[in-house]
file structure30.cif (mmCIF, C-alpha atoms)
data_work
loop_
_atom_site.label_atom_id
_atom_site.label_comp_id
_atom_site.auth_asym_id
_atom_site.auth_seq_id
_atom_site.Cartn_x
_atom_site.Cartn_y
_atom_site.Cartn_z
CA MET J 1 0.00 0.00 0.00
CA ILE J 2 1.21 3.48 -0.84
CA GLN J 3 1.96 5.49 2.30
CA THR J 4 3.12 9.02 2.92
CA VAL J 5 6.80 9.29 3.86
CA GLU J 6 7.62 12.02 6.39
CA LEU J 7 9.68 14.69 4.66
CA GLN J 8 12.44 14.27 7.22
CA HIS J 9 12.88 10.69 5.95
CA ALA J 10 12.60 11.49 2.24
CA TYR J 11 16.38 11.40 1.75
CA ARG J 12 16.42 7.76 2.79
CA LEU J 13 14.44 6.82 -0.30
CA MET J 14 17.48 7.69 -2.41
CA ASN J 15 20.34 7.31 0.04
CA HIS J 16 21.29 3.85 -1.27
CA GLY J 17 21.79 5.13 -4.82
CA PRO J 18 18.90 3.79 -6.90
CA THR J 19 18.26 4.70 -10.52
CA VAL J 20 15.18 6.93 -10.78
CA LEU J 21 12.56 7.77 -13.36
CA VAL J 22 12.05 11.50 -13.87
CA SER J 23 8.59 12.68 -14.93
CA ALA J 24 7.41 16.16 -15.84
CA ALA J 25 4.46 17.84 -17.54
CA HIS J 26 3.75 21.23 -19.08
CA GLY J 27 1.33 22.73 -21.57
CA GLY J 28 -0.49 19.49 -22.31
CA GLN J 29 2.73 17.50 -22.76
CA ARG J 30 4.23 14.98 -20.36
CA ASN J 31 7.35 12.85 -20.43
CA LEU J 32 9.34 10.27 -18.52
CA MET J 33 13.06 9.41 -18.58
CA ALA J 34 15.50 7.31 -16.60
CA ALA J 35 18.34 8.87 -14.59
CA ALA J 36 21.07 7.01 -12.72
CA TRP J 37 22.70 10.31 -11.77
CA ALA J 38 20.50 11.47 -8.92
CA MET J 39 21.16 11.91 -5.20
CA PRO J 40 19.85 13.54 -2.04
CA LEU J 41 21.22 17.03 -1.42
CA ASP J 42 19.82 17.97 1.99
CA PHE J 43 17.79 16.64 4.92
CA ALA J 44 15.33 19.39 5.93
CA PRO J 45 13.82 20.69 3.90
CA PRO J 46 14.78 17.69 1.76
CA LYS J 47 16.48 18.52 -1.52
CA VAL J 48 17.69 16.41 -4.44
CA ALA J 49 20.09 16.79 -7.37
CA VAL J 50 19.63 15.12 -10.75
CA VAL J 51 21.44 15.34 -14.09
CA LEU J 52 19.18 16.02 -17.10
CA ASP J 53 20.90 16.11 -20.48
CA LYS J 54 20.15 18.99 -22.84
CA SER J 55 18.83 16.54 -25.42
CA THR J 56 15.97 15.32 -23.23
CA HIS J 57 12.36 16.38 -23.65
CA THR J 58 11.84 15.90 -19.91
CA ARG J 59 14.36 18.67 -19.21
CA ALA J 60 12.41 21.12 -21.35
CA LEU J 61 9.24 20.27 -19.41
CA VAL J 62 11.05 20.65 -16.07
CA GLU J 63 12.39 24.07 -17.08
CA ALA J 64 8.98 25.21 -18.32
CA SER J 65 6.95 23.94 -15.36
CA GLY J 66 9.46 24.36 -12.52
CA GLU J 67 8.47 20.93 -11.21
CA PHE J 68 9.46 17.28 -11.55
CA ALA J 69 8.92 13.95 -9.87
CA LEU J 70 11.56 11.35 -9.09
CA GLN J 71 10.29 7.81 -8.65
CA LEU J 72 12.09 4.56 -7.97
CA PRO J 73 11.39 1.75 -10.43
CA CYS J 74 11.72 -1.80 -9.17
CA ARG J 75 12.87 -5.12 -10.58
CA ALA J 76 9.48 -5.77 -12.18
CA GLN J 77 9.96 -2.53 -14.15
CA ALA J 78 13.44 -3.13 -15.55
CA ASP J 79 12.08 -3.21 -19.11
CA LEU J 80 10.06 -0.04 -18.51
CA ALA J 81 13.12 1.74 -17.07
CA PHE J 82 15.27 0.65 -20.01
CA THR J 83 12.59 1.61 -22.54
CA VAL J 84 11.95 5.14 -21.26
CA GLY J 85 15.72 5.59 -20.93
CA ASN J 86 16.30 4.61 -24.55
CA SER J 87 13.55 6.41 -26.42
CA SER J 88 12.95 10.04 -27.38
CA GLY J 89 10.02 11.90 -25.87
CA ALA J 90 10.66 14.74 -28.31
CA GLU J 91 10.25 12.41 -31.31
CA LEU J 92 7.05 10.98 -29.91
CA ALA J 93 5.74 14.47 -29.10
CA ALA J 94 6.39 15.58 -32.67
CA ALA J 95 4.10 12.75 -33.77
CA GLY J 96 1.42 13.74 -31.20
CA ASP J 97 2.27 10.75 -29.03
CA ASP J 98 4.08 10.26 -25.72
CA LYS J 99 5.79 7.47 -23.79
CA PHE J 100 2.88 6.91 -21.40
CA ALA J 101 0.48 6.26 -24.27
CA ARG J 102 2.96 4.44 -26.48
CA TRP J 103 3.81 1.84 -23.82
CA HIS J 104 0.59 1.92 -21.80
CA ILE J 105 2.40 3.15 -18.69
CA GLY J 106 -0.03 3.37 -15.78
CA HIS J 107 0.15 6.61 -13.82
CA PHE J 108 -1.64 8.63 -11.17
CA ALA J 109 -1.81 12.23 -10.03
CA ALA J 110 0.78 13.78 -7.75
CA GLU J 111 -0.35 15.60 -4.61
CA ARG J 112 1.59 18.84 -4.94
CA ILE J 113 2.83 19.07 -8.54
CA GLY J 114 1.54 18.53 -12.06
CA ALA J 115 3.90 15.75 -13.14
CA PRO J 116 2.32 12.28 -13.48
CA LEU J 117 3.55 9.55 -11.13
CA VAL J 118 4.26 6.06 -12.49
CA GLU J 119 2.26 3.15 -11.09
CA GLY J 120 4.18 0.18 -9.80
CA CYS J 121 7.22 2.13 -8.61
CA VAL J 122 8.24 1.68 -4.97
CA ALA J 123 8.73 5.36 -4.03
CA TRP J 124 7.86 8.81 -5.37
CA LEU J 125 9.38 12.22 -4.56
CA GLU J 126 7.49 15.30 -5.77
CA CYS J 127 9.90 18.19 -6.33
CA ARG J 128 9.88 21.91 -7.03
CA LEU J 129 12.81 23.04 -9.14
CA ILE J 130 15.35 25.26 -7.36
CA PRO J 131 16.49 27.23 -10.40
CA VAL J 132 20.27 27.66 -10.62
CA ALA J 133 20.96 28.76 -14.18
CA ASP J 134 24.72 28.19 -14.08
CA ASN J 135 24.28 24.57 -12.94
CA GLN J 136 21.59 23.83 -15.48
CA GLN J 137 23.46 25.38 -18.40
CA GLY J 138 27.00 24.48 -17.39
CA PHE J 139 26.58 21.03 -15.88
CA ASP J 140 23.06 19.78 -16.82
CA LEU J 141 22.58 19.74 -13.05
CA PHE J 142 19.10 20.35 -11.64
CA LEU J 143 18.30 20.90 -7.96
CA GLY J 144 14.88 20.48 -6.39
CA GLU J 145 13.10 20.69 -3.08
CA VAL J 146 11.05 17.63 -2.16
CA VAL J 147 7.53 18.81 -1.28
CA ALA J 148 5.85 15.39 -0.93
CA ALA J 149 7.08 11.80 -0.69
CA ARG J 150 5.39 8.42 -0.71
CA ALA J 151 6.52 4.80 -0.76
CA ASP J 152 5.16 1.28 -1.06
CA ASP J 153 5.04 0.10 2.53
CA ARG J 154 5.81 -3.48 1.54
CA VAL J 155 9.42 -2.33 1.01
CA PHE J 156 9.78 0.99 2.86
CA SER J 157 8.32 1.69 6.31
CA GLY J 158 9.50 3.29 9.52
CA GLY J 159 12.14 5.21 7.57
CA ARG J 160 13.85 2.01 6.34
CA TRP J 161 13.97 -0.25 3.30
CA HIS J 162 12.93 -3.85 3.94
CA PHE J 163 13.89 -5.71 0.79
CA ASP J 164 14.54 -8.98 2.62
CA THR J 165 10.92 -9.46 3.65
CA ALA J 166 9.29 -8.27 0.40
CA PRO J 167 8.91 -9.89 -3.02
CA ASP J 168 12.08 -9.82 -5.12
CA ASP J 169 10.25 -7.91 -7.82
CA LEU J 170 10.11 -4.85 -5.53
CA ARG J 171 13.88 -4.42 -5.24
CA THR J 172 15.22 -1.10 -6.54
CA LEU J 173 17.29 -0.88 -9.74
CA HIS J 174 20.88 0.36 -9.78
CA HIS J 175 22.04 0.91 -13.34
CA VAL J 176 25.54 -0.06 -14.45
CA ALA J 177 25.33 0.37 -18.22
CA ALA J 178 23.31 -0.71 -21.27
CA GLY J 179 20.28 -1.87 -19.30
CA HIS J 180 22.29 -3.97 -16.86
CA PHE J 181 20.89 -3.22 -13.39
CA LEU J 182 22.21 -4.39 -10.03
CA LEU J 183 19.69 -5.15 -7.27
CA PRO J 184 20.12 -4.71 -3.51
CA GLY J 185 20.79 -8.10 -1.96
CA GLY J 186 21.98 -8.58 1.59
CA ALA J 187 22.89 -6.00 4.17
CA VAL J 188 25.65 -5.34 6.68
CA GLN J 189 25.75 -3.25 9.86
CA GLY J 190 28.79 -1.05 10.34
CA ARG J 191 30.13 -0.49 13.89
CA MET J 192 32.76 1.78 15.43
CA LEU J 193 36.29 0.39 15.25
CA PRO J 194 37.97 0.03 18.66
CA MET N 195 45.00 -6.48 -8.55
CA ILE N 196 44.57 -2.72 -8.89
CA GLN N 197 44.18 -1.72 -12.52
CA THR N 198 43.78 1.61 -14.27
CA VAL N 199 40.22 2.36 -15.38
CA GLU N 200 39.94 4.26 -18.66
CA LEU N 201 38.58 7.73 -17.94
CA GLN N 202 35.68 7.12 -20.34
CA HIS N 203 34.53 4.31 -18.03
CA ALA N 204 35.10 6.16 -14.75
CA TYR N 205 31.40 7.06 -14.37
CA ARG N 206 30.54 3.36 -14.24
CA LEU N 207 32.38 3.04 -10.94
CA MET N 208 29.68 5.20 -9.30
CA ASN N 209 26.71 4.69 -11.61
CA HIS N 210 25.09 2.11 -9.32
CA GLY N 211 25.01 4.52 -6.38
CA PRO N 212 27.61 3.30 -3.88
CA THR N 213 28.56 5.14 -0.71
CA VAL N 214 32.05 6.61 -1.06
CA LEU N 215 34.88 7.63 1.22
CA VAL N 216 36.22 11.13 0.55
CA SER N 217 39.88 11.80 1.31
CA ALA N 218 41.83 15.04 1.12
CA ALA N 219 45.13 16.48 2.32
CA HIS N 220 46.61 19.94 2.72
CA GLY N 221 49.40 21.60 4.69
CA GLY N 222 50.50 18.44 6.48
CA GLN N 223 46.94 17.44 7.42
CA ARG N 224 44.83 14.68 5.89
CA ASN N 225 41.34 13.42 6.50
CA LEU N 226 38.76 10.86 5.44
CA MET N 227 34.95 10.89 5.65
CA ALA N 228 32.03 8.87 4.32
CA ALA N 229 29.52 10.29 1.83
CA ALA N 230 26.40 8.59 0.54
CA TRP N 231 25.48 11.68 -1.46
CA ALA N 232 27.80 11.39 -4.44
CA MET N 233 27.10 10.77 -8.13
CA PRO N 234 28.63 10.98 -11.59
CA LEU N 235 28.03 14.30 -13.34
CA ASP N 236 29.49 13.80 -16.82
CA PHE N 237 31.06 11.20 -19.10
CA ALA N 238 34.03 12.88 -20.84
CA PRO N 239 35.87 14.40 -19.24
CA PRO N 240 34.35 12.52 -16.32
CA LYS N 241 32.98 14.68 -13.54
CA VAL N 242 31.44 13.92 -10.15
CA ALA N 243 29.30 15.71 -7.58
CA VAL N 244 29.50 15.14 -3.82
CA VAL N 245 27.91 16.78 -0.78
CA LEU N 246 30.37 17.88 1.93
CA ASP N 247 28.84 19.39 5.03
CA LYS N 248 30.27 22.64 6.41
CA SER N 249 31.12 20.89 9.68
CA THR N 250 33.57 18.46 8.07
CA HIS N 251 37.34 18.79 8.26
CA THR N 252 37.61 17.05 4.89
CA ARG N 253 35.71 19.93 3.29
CA ALA N 254 38.24 22.46 4.60
CA LEU N 255 41.08 20.37 3.14
CA VAL N 256 39.28 20.06 -0.21
CA GLU N 257 38.75 23.83 -0.37
CA ALA N 258 42.37 24.52 0.56
CA SER N 259 43.97 21.97 -1.77
CA GLY N 260 41.52 22.01 -4.67
CA GLU N 261 41.68 18.22 -4.81
CA PHE N 262 39.92 15.17 -3.38
CA ALA N 263 39.67 11.44 -3.90
CA LEU N 264 36.48 9.38 -3.91
CA GLN N 265 36.93 5.70 -3.16
CA LEU N 266 34.46 2.86 -2.86
CA PRO N 267 34.62 0.89 0.39
CA CYS N 268 33.47 -2.73 0.30
CA ARG N 269 31.68 -5.09 2.65
CA ALA N 270 34.90 -5.91 4.47
CA GLN N 271 35.21 -2.20 5.30
CA ALA N 272 31.72 -1.56 6.71
CA ASP N 273 33.17 -0.79 10.16
CA LEU N 274 35.80 1.49 8.65
CA ALA N 275 33.17 3.35 6.62
CA PHE N 276 30.94 3.74 9.68
CA THR N 277 33.84 4.84 11.86
CA VAL N 278 35.19 7.56 9.58
CA GLY N 279 31.60 8.71 8.98
CA ASN N 280 30.95 9.05 12.72
CA SER N 281 34.09 10.72 14.01
CA SER N 282 35.49 14.23 13.78
CA GLY N 283 38.70 14.86 11.88
CA ALA N 284 38.79 18.38 13.28
CA GLU N 285 38.78 17.09 16.86
CA LEU N 286 41.55 14.61 16.10
CA ALA N 287 43.56 17.31 14.27
CA ALA N 288 43.28 19.60 17.30
CA ALA N 289 44.96 16.83 19.31
CA GLY N 290 47.68 16.34 16.67
CA ASP N 291 46.12 13.09 15.52
CA ASP N 292 44.13 11.99 12.45
CA LYS N 293 41.79 9.17 11.46
CA PHE N 294 44.43 7.28 9.47
CA ALA N 295 46.73 7.06 12.48
CA ARG N 296 43.98 6.61 15.07
CA TRP N 297 42.49 3.56 13.33
CA HIS N 298 45.60 2.30 11.51
CA ILE N 299 43.99 2.84 8.10
CA GLY N 300 46.30 1.60 5.35
CA HIS N 301 46.76 4.01 2.46
CA PHE N 302 48.85 4.63 -0.62
CA ALA N 303 49.76 7.57 -2.83
CA ALA N 304 47.47 8.84 -5.57
CA GLU N 305 48.88 9.29 -9.08
CA ARG N 306 47.72 12.81 -9.84
CA ILE N 307 46.68 14.42 -6.56
CA GLY N 308 47.94 14.77 -2.99
CA ALA N 309 45.07 13.04 -1.19
CA PRO N 310 45.86 9.61 0.28
CA LEU N 311 43.99 6.60 -1.14
CA VAL N 312 42.58 3.98 1.24
CA GLU N 313 43.84 0.41 0.91
CA GLY N 314 41.28 -2.33 0.53
CA CYS N 315 38.70 -0.24 -1.31
CA VAL N 316 37.48 -1.58 -4.66
CA ALA N 317 37.77 1.62 -6.73
CA TRP N 318 39.40 5.04 -6.51
CA LEU N 319 38.66 8.27 -8.42
CA GLU N 320 41.20 11.09 -8.16
CA CYS N 321 39.50 14.46 -8.62
CA ARG N 322 40.36 18.11 -9.12
CA LEU N 323 37.83 20.46 -7.60
CA ILE N 324 35.78 22.50 -10.08
CA PRO N 325 35.20 25.52 -7.85
CA VAL N 326 31.62 26.82 -7.92
CA ALA N 327 31.31 29.10 -4.91
CA ASP N 328 27.50 29.37 -4.98
CA ASN N 329 27.10 25.58 -4.90
CA GLN N 330 29.67 25.11 -2.15
CA GLN N 331 28.28 27.86 0.07
CA GLY N 332 24.60 27.48 -0.75
CA PHE N 333 24.20 23.73 -1.08
CA ASP N 334 27.38 22.11 0.34
CA LEU N 335 27.73 20.77 -3.21
CA PHE N 336 31.20 20.13 -4.61
CA LEU N 337 31.96 19.30 -8.24
CA GLY N 338 35.15 17.67 -9.47
CA GLU N 339 36.82 16.43 -12.62
CA VAL N 340 38.12 12.88 -12.45
CA VAL N 341 41.77 12.92 -13.51
CA ALA N 342 42.65 9.29 -12.72
CA ALA N 343 40.66 6.17 -11.87
CA ARG N 344 41.58 2.69 -10.71
CA ALA N 345 39.69 -0.40 -9.58
CA ASP N 346 40.26 -3.85 -8.13
CA ASP N 347 39.99 -6.09 -11.17
CA ARG N 348 38.49 -8.91 -9.13
CA VAL N 349 35.24 -6.91 -9.10
CA PHE N 350 35.55 -4.34 -11.92
CA SER N 351 36.99 -5.10 -15.35
CA GLY N 352 36.09 -4.39 -18.95
CA GLY N 353 34.01 -1.43 -17.80
CA ARG N 354 31.68 -3.62 -15.70
CA TRP N 355 31.19 -4.72 -12.11
CA HIS N 356 31.40 -8.48 -11.54
CA PHE N 357 30.15 -8.98 -7.99
CA ASP N 358 28.75 -12.44 -8.71
CA THR N 359 32.14 -13.99 -9.40
CA ALA N 360 34.11 -12.24 -6.63
CA PRO N 361 34.25 -12.73 -2.88
CA ASP N 362 31.22 -11.32 -1.03
CA ASP N 363 33.53 -9.10 1.00
CA LEU N 364 34.26 -7.04 -2.14
CA ARG N 365 30.66 -5.91 -2.67
CA THR N 366 30.13 -2.14 -2.55
CA LEU N 367 28.25 -0.48 0.34
CA HIS N 368 25.02 1.47 -0.14
CA HIS N 369 24.15 3.35 3.03
CA VAL N 370 20.54 3.57 4.24
CA ALA N 371 21.00 5.11 7.72
CA ALA N 372 22.85 4.62 11.02
CA GLY N 373 25.47 2.26 9.62
CA HIS N 374 22.96 0.00 7.89
CA PHE N 375 24.38 -0.70 4.42
CA LEU N 376 22.70 -2.56 1.53
CA LEU N 377 24.90 -4.67 -0.74
CA PRO N 378 24.44 -5.35 -4.45
CA GLY N 379 22.99 -8.82 -4.87
CA GLY N 380 21.60 -10.13 -8.15
CA ALA N 381 21.18 -8.36 -11.45
CA VAL N 382 18.55 -7.95 -14.12
CA GLN N 383 18.80 -7.01 -17.80
CA GLY N 384 16.30 -4.44 -19.06
CA ARG N 385 14.98 -4.77 -22.64
CA MET N 386 12.86 -2.59 -24.91
CA LEU N 387 9.12 -3.03 -24.44
CA PRO N 388 7.28 -4.07 -27.61
#
call {"tool": "encode", "arguments": {"input": "structure30.cif", "output": "C-alpha cells"}}
result
Amino acid sequence: MIQTVELQHAYRLMNHGPTVLVSAAHGGQRNLMAAAWAMPLDFAPPKVAVVLDKSTHTRALVEASGEFALQLPCRAQADLAFTVGNSSGAELAAAGDDKFARWHIGHFAAERIGAPLVEGCVAWLECRLIPVADNQQGFDLFLGEVVAARADDRVFSGGRWHFDTAPDDLRTLHHVAAGHFLLPGGAVQGRMLP
Amino acid sequence: MIQTVELQHAYRLMNHGPTVLVSAAHGGQRNLMAAAWAMPLDFAPPKVAVVLDKSTHTRALVEASGEFALQLPCRAQADLAFTVGNSSGAELAAAGDDKFARWHIGHFAAERIGAPLVEGCVAWLECRLIPVADNQQGFDLFLGEVVAARADDRVFSGGRWHFDTAPDDLRTLHHVAAGHFLLPGGAVQGRMLP
C-alpha cells in the first residue's frame, strides 16, 4: 500500500543510490526518462540533485513547469526503465504521441505538482525546481526541493527499506550500463572500530 | 589487482550509487569521511558531484587543496566506513592526531593528486575540484573532474562490475541510515518493451 513518507525521511528513499525515473508535464505535454545520476542534497527541507541532459524532452518540461517527480522503479519494471531511458520523448511528441500512451504506462496524479507519477514504482518524490541557471546550463545539473514523498510500505516503512521481507520484484534498480541493473541483496551493519 | 580504469569508463564506478569515502590532504593534514550523497556528473571528461557538510574537516582540506579522492569501500570495510563517517577529523587534528593514524587505516599515494587513497577499497577516483562558490556555500555541493581512476579487477573489469564472481567481501556499500548498508545482490537485464 502506498503510504506518505515524512519529509524528514525522504532522503532515505534515495540514500542507497537507486536509478530513478524522472517525470514532468507542461502545456499538455508529459514525459518520462531514466536517470542514474540522482542523489539527495539535503535533509530538511529535503532537496535532491539530478542530471538532465540537454537533449531530453523531460528537461524542457522541467524548465517550463518548474516541477518534476523522481520515482524509484523496481525489478518488475526493468524493461520499462530501459525503454523510457532509450527512447525520445521529443520524437514521440512531434508525432502527437508520448511514452505513457505508447507503452501503456499506468500513472496517477501527484499531490503537490503537475507531473504524473508512475504506477508500480516503490517510491515517489514530488519536487519543485530550485532554479540555478549556471548549474543547469554548465553542468546539466538540476536541484529540487522535495515537497511530498510516498513509498510502497511493503518495502519501505518506519524510515527504512525492507527488501529482505518483500517480493524480489520490488527491489530497486541500480544501473551499471546498457540496461544492466544491479539489485540490492543482503545488508551489513557497520560499527565503530575500537 | 589494482588496474587503471579508462577515464571514459570512470562514471561506471559510481553509476550504481555506492557510498564513497572522501579523502583530502593539505598543509600536512589529511582526512577521510564517508559520503552517501555522491554521483557521476558527466562522461568525458568525467565529472562527479558530492555533498560535503560545512562541519567536516575534509571539506576544509578540499577547499584549501583544490583536490579530493572518492573511493568505494566494500563489505569488508563496513566498520571502517561507519567509523570515519561518525568521528570528527577536526577534533583529532586539534589533538595532533588523524583518522588514518587513530584507526591504523592503510593508504597509498594517488597518481595525480595529494590526497591519500585507502587500501582495501574496490575503486578510486582522483579528482580536481571544479570551484563553484554558490554551490559550495549554498548547497554544500562540490563538483570535481576525475583525472585518474583505478579499480580492483576482481570486481571491476572491462568497464563492468562483476560482484557475482568475486568474494562477497568485495561488494560495494550502499548506506541507508545509522550504519545499515545494503549490498548489491543479483542483477537484471532491461529490454525494450514491444
call {"tool": "residues_near_point", "arguments": {"input": "structure30.cif", "point": "(1.0, 4.0, -15.2)", "cutoff": "8 Å", "atoms": "all atoms listed in the file", "output": "JSON, numbers by chain"}}
result
{"J": [100, 104, 105, 106, 107, 108, 117, 118, 119, 120]}
call {"tool": "interface_residues", "arguments": {"input": "structure30.cif", "of": "chain J", "to": "chain N", "cutoff": "7 Å", "atoms": "all atoms listed in the file", "output": "number ranges by chain"}}
result
J: 12, 15-18, 36-41, 51, 78-80, 82-83, 174-176, 179-193
call {"tool": "residues_around", "arguments": {"input": "structure30.cif", "residues": "His251 (chain N)", "least_positions_apart": "6", "cutoff": "9 Å", "atoms": "all atoms listed in the file", "output": "PDB file with C-alpha atoms, keeping the file's coordinate frame"}}
result
ATOM      1  CA  ARG N 224      44.830  14.680   5.890  1.00  0.00           C
ATOM      2  CA  ASN N 225      41.340  13.420   6.500  1.00  0.00           C
ATOM      3  CA  LEU N 226      38.760  10.860   5.440  1.00  0.00           C
ATOM      4  CA  MET N 227      34.950  10.890   5.650  1.00  0.00           C
ATOM      5  CA  SER N 282      35.490  14.230  13.780  1.00  0.00           C
ATOM      6  CA  GLY N 283      38.700  14.860  11.880  1.00  0.00           C
ATOM      7  CA  ALA N 284      38.790  18.380  13.280  1.00  0.00           C
ATOM      8  CA  GLU N 285      38.780  17.090  16.860  1.00  0.00           C
ATOM      9  CA  ALA N 287      43.560  17.310  14.270  1.00  0.00           C
TER      10      ALA N 287
END
call {"tool": "resolve_selection", "arguments": {"input": "structure30.cif", "expression": "the PyMOL selection byres ((chain J and resi 166) around 12)", "output": "mmCIF file with C-alpha atoms, in the frame of the given file"}}
result
data_model
loop_
_atom_site.group_PDB
_atom_site.id
_atom_site.type_symbol
_atom_site.label_atom_id
_atom_site.label_comp_id
_atom_site.auth_asym_id
_atom_site.auth_seq_id
_atom_site.Cartn_x
_atom_site.Cartn_y
_atom_site.Cartn_z
ATOM 1 C CA CYS J 74 11.720 -1.800 -9.170
ATOM 2 C CA ARG J 75 12.870 -5.120 -10.580
ATOM 3 C CA VAL J 122 8.240 1.680 -4.970
ATOM 4 C CA ASP J 152 5.160 1.280 -1.060
ATOM 5 C CA ASP J 153 5.040 0.100 2.530
ATOM 6 C CA ARG J 154 5.810 -3.480 1.540
ATOM 7 C CA VAL J 155 9.420 -2.330 1.010
ATOM 8 C CA PHE J 156 9.780 0.990 2.860
ATOM 9 C CA SER J 157 8.320 1.690 6.310
ATOM 10 C CA TRP J 161 13.970 -0.250 3.300
ATOM 11 C CA HIS J 162 12.930 -3.850 3.940
ATOM 12 C CA PHE J 163 13.890 -5.710 0.790
ATOM 13 C CA ASP J 164 14.540 -8.980 2.620
ATOM 14 C CA THR J 165 10.920 -9.460 3.650
ATOM 15 C CA PRO J 167 8.910 -9.890 -3.020
ATOM 16 C CA ASP J 168 12.080 -9.820 -5.120
ATOM 17 C CA ASP J 169 10.250 -7.910 -7.820
ATOM 18 C CA LEU J 170 10.110 -4.850 -5.530
ATOM 19 C CA ARG J 171 13.880 -4.420 -5.240
ATOM 20 C CA THR J 172 15.220 -1.100 -6.540
ATOM 21 C CA GLY J 185 20.790 -8.100 -1.960
#
call {"tool": "closest_residue", "arguments": {"input": "structure30.cif", "among": "J:Arg150, J:Arg59, J:His9, J:Lys54", "to": "Glu111 (chain J)", "atoms": "all atoms listed in the file"}}
result
J:Arg150
call {"tool": "build_atoms", "arguments": {"input": "structure30.cif", "residues": "region 253-269 of chain N", "atoms": "N, CA and C atoms", "output": "PDB file, in the frame of the given file"}}
result
ATOM      1  N   ARG N 253      36.117  18.814   4.152  1.00  0.00           N
ATOM      2  CA  ARG N 253      35.710  19.930   3.290  1.00  0.00           C
ATOM      3  C   ARG N 253      36.747  21.054   3.303  1.00  0.00           C
ATOM      4  N   ALA N 254      37.236  21.390   4.491  1.00  0.00           N
ATOM      5  CA  ALA N 254      38.240  22.460   4.600  1.00  0.00           C
ATOM      6  C   ALA N 254      39.497  22.089   3.808  1.00  0.00           C
ATOM      7  N   LEU N 255      39.879  20.808   3.869  1.00  0.00           N
ATOM      8  CA  LEU N 255      41.080  20.370   3.140  1.00  0.00           C
ATOM      9  C   LEU N 255      40.843  20.366   1.631  1.00  0.00           C
ATOM     10  N   VAL N 256      39.629  20.030   1.215  1.00  0.00           N
ATOM     11  CA  VAL N 256      39.280  20.060  -0.210  1.00  0.00           C
ATOM     12  C   VAL N 256      39.338  21.501  -0.717  1.00  0.00           C
ATOM     13  N   GLU N 257      38.763  22.417   0.055  1.00  0.00           N
ATOM     14  CA  GLU N 257      38.750  23.830  -0.370  1.00  0.00           C
ATOM     15  C   GLU N 257      40.165  24.402  -0.421  1.00  0.00           C
ATOM     16  N   ALA N 258      41.010  23.975   0.513  1.00  0.00           N
ATOM     17  CA  ALA N 258      42.370  24.520   0.560  1.00  0.00           C
ATOM     18  C   ALA N 258      43.264  23.928  -0.523  1.00  0.00           C
ATOM     19  N   SER N 259      43.080  22.640  -0.812  1.00  0.00           N
ATOM     20  CA  SER N 259      43.970  21.970  -1.770  1.00  0.00           C
ATOM     21  C   SER N 259      43.436  21.963  -3.186  1.00  0.00           C
ATOM     22  N   GLY N 260      42.110  22.100  -3.343  1.00  0.00           N
ATOM     23  CA  GLY N 260      41.520  22.010  -4.670  1.00  0.00           C
ATOM     24  C   GLY N 260      41.511  20.596  -5.226  1.00  0.00           C
ATOM     25  N   GLU N 261      41.607  19.613  -4.370  1.00  0.00           N
ATOM     26  CA  GLU N 261      41.680  18.220  -4.810  1.00  0.00           C
ATOM     27  C   GLU N 261      40.942  17.324  -3.811  1.00  0.00           C
ATOM     28  N   PHE N 262      40.461  16.187  -4.282  1.00  0.00           N
ATOM     29  CA  PHE N 262      39.920  15.170  -3.380  1.00  0.00           C
ATOM     30  C   PHE N 262      39.890  13.837  -4.106  1.00  0.00           C
ATOM     31  N   ALA N 263      39.845  12.777  -3.322  1.00  0.00           N
ATOM     32  CA  ALA N 263      39.670  11.440  -3.900  1.00  0.00           C
ATOM     33  C   ALA N 263      38.354  10.865  -3.395  1.00  0.00           C
ATOM     34  N   LEU N 264      37.626  10.206  -4.301  1.00  0.00           N
ATOM     35  CA  LEU N 264      36.480   9.380  -3.910  1.00  0.00           C
ATOM     36  C   LEU N 264      36.918   7.934  -4.062  1.00  0.00           C
ATOM     37  N   GLN N 265      36.596   7.107  -3.067  1.00  0.00           N
ATOM     38  CA  GLN N 265      36.930   5.700  -3.160  1.00  0.00           C
ATOM     39  C   GLN N 265      35.772   4.877  -2.633  1.00  0.00           C
ATOM     40  N   LEU N 266      35.623   3.676  -3.177  1.00  0.00           N
ATOM     41  CA  LEU N 266      34.460   2.860  -2.860  1.00  0.00           C
ATOM     42  C   LEU N 266      34.849   1.798  -1.848  1.00  0.00           C
ATOM     43  N   PRO N 267      34.350   1.929  -0.612  1.00  0.00           N
ATOM     44  CA  PRO N 267      34.620   0.890   0.390  1.00  0.00           C
ATOM     45  C   PRO N 267      33.753  -0.328   0.073  1.00  0.00           C
ATOM     46  N   CYS N 268      34.192  -1.476   0.559  1.00  0.00           N
ATOM     47  CA  CYS N 268      33.470  -2.730   0.300  1.00  0.00           C
ATOM     48  C   CYS N 268      33.013  -3.345   1.617  1.00  0.00           C
ATOM     49  N   ARG N 269      32.297  -4.442   1.486  1.00  0.00           N
ATOM     50  CA  ARG N 269      31.680  -5.090   2.650  1.00  0.00           C
ATOM     51  C   ARG N 269      32.664  -5.290   3.799  1.00  0.00           C
TER      52      ARG N 269
END
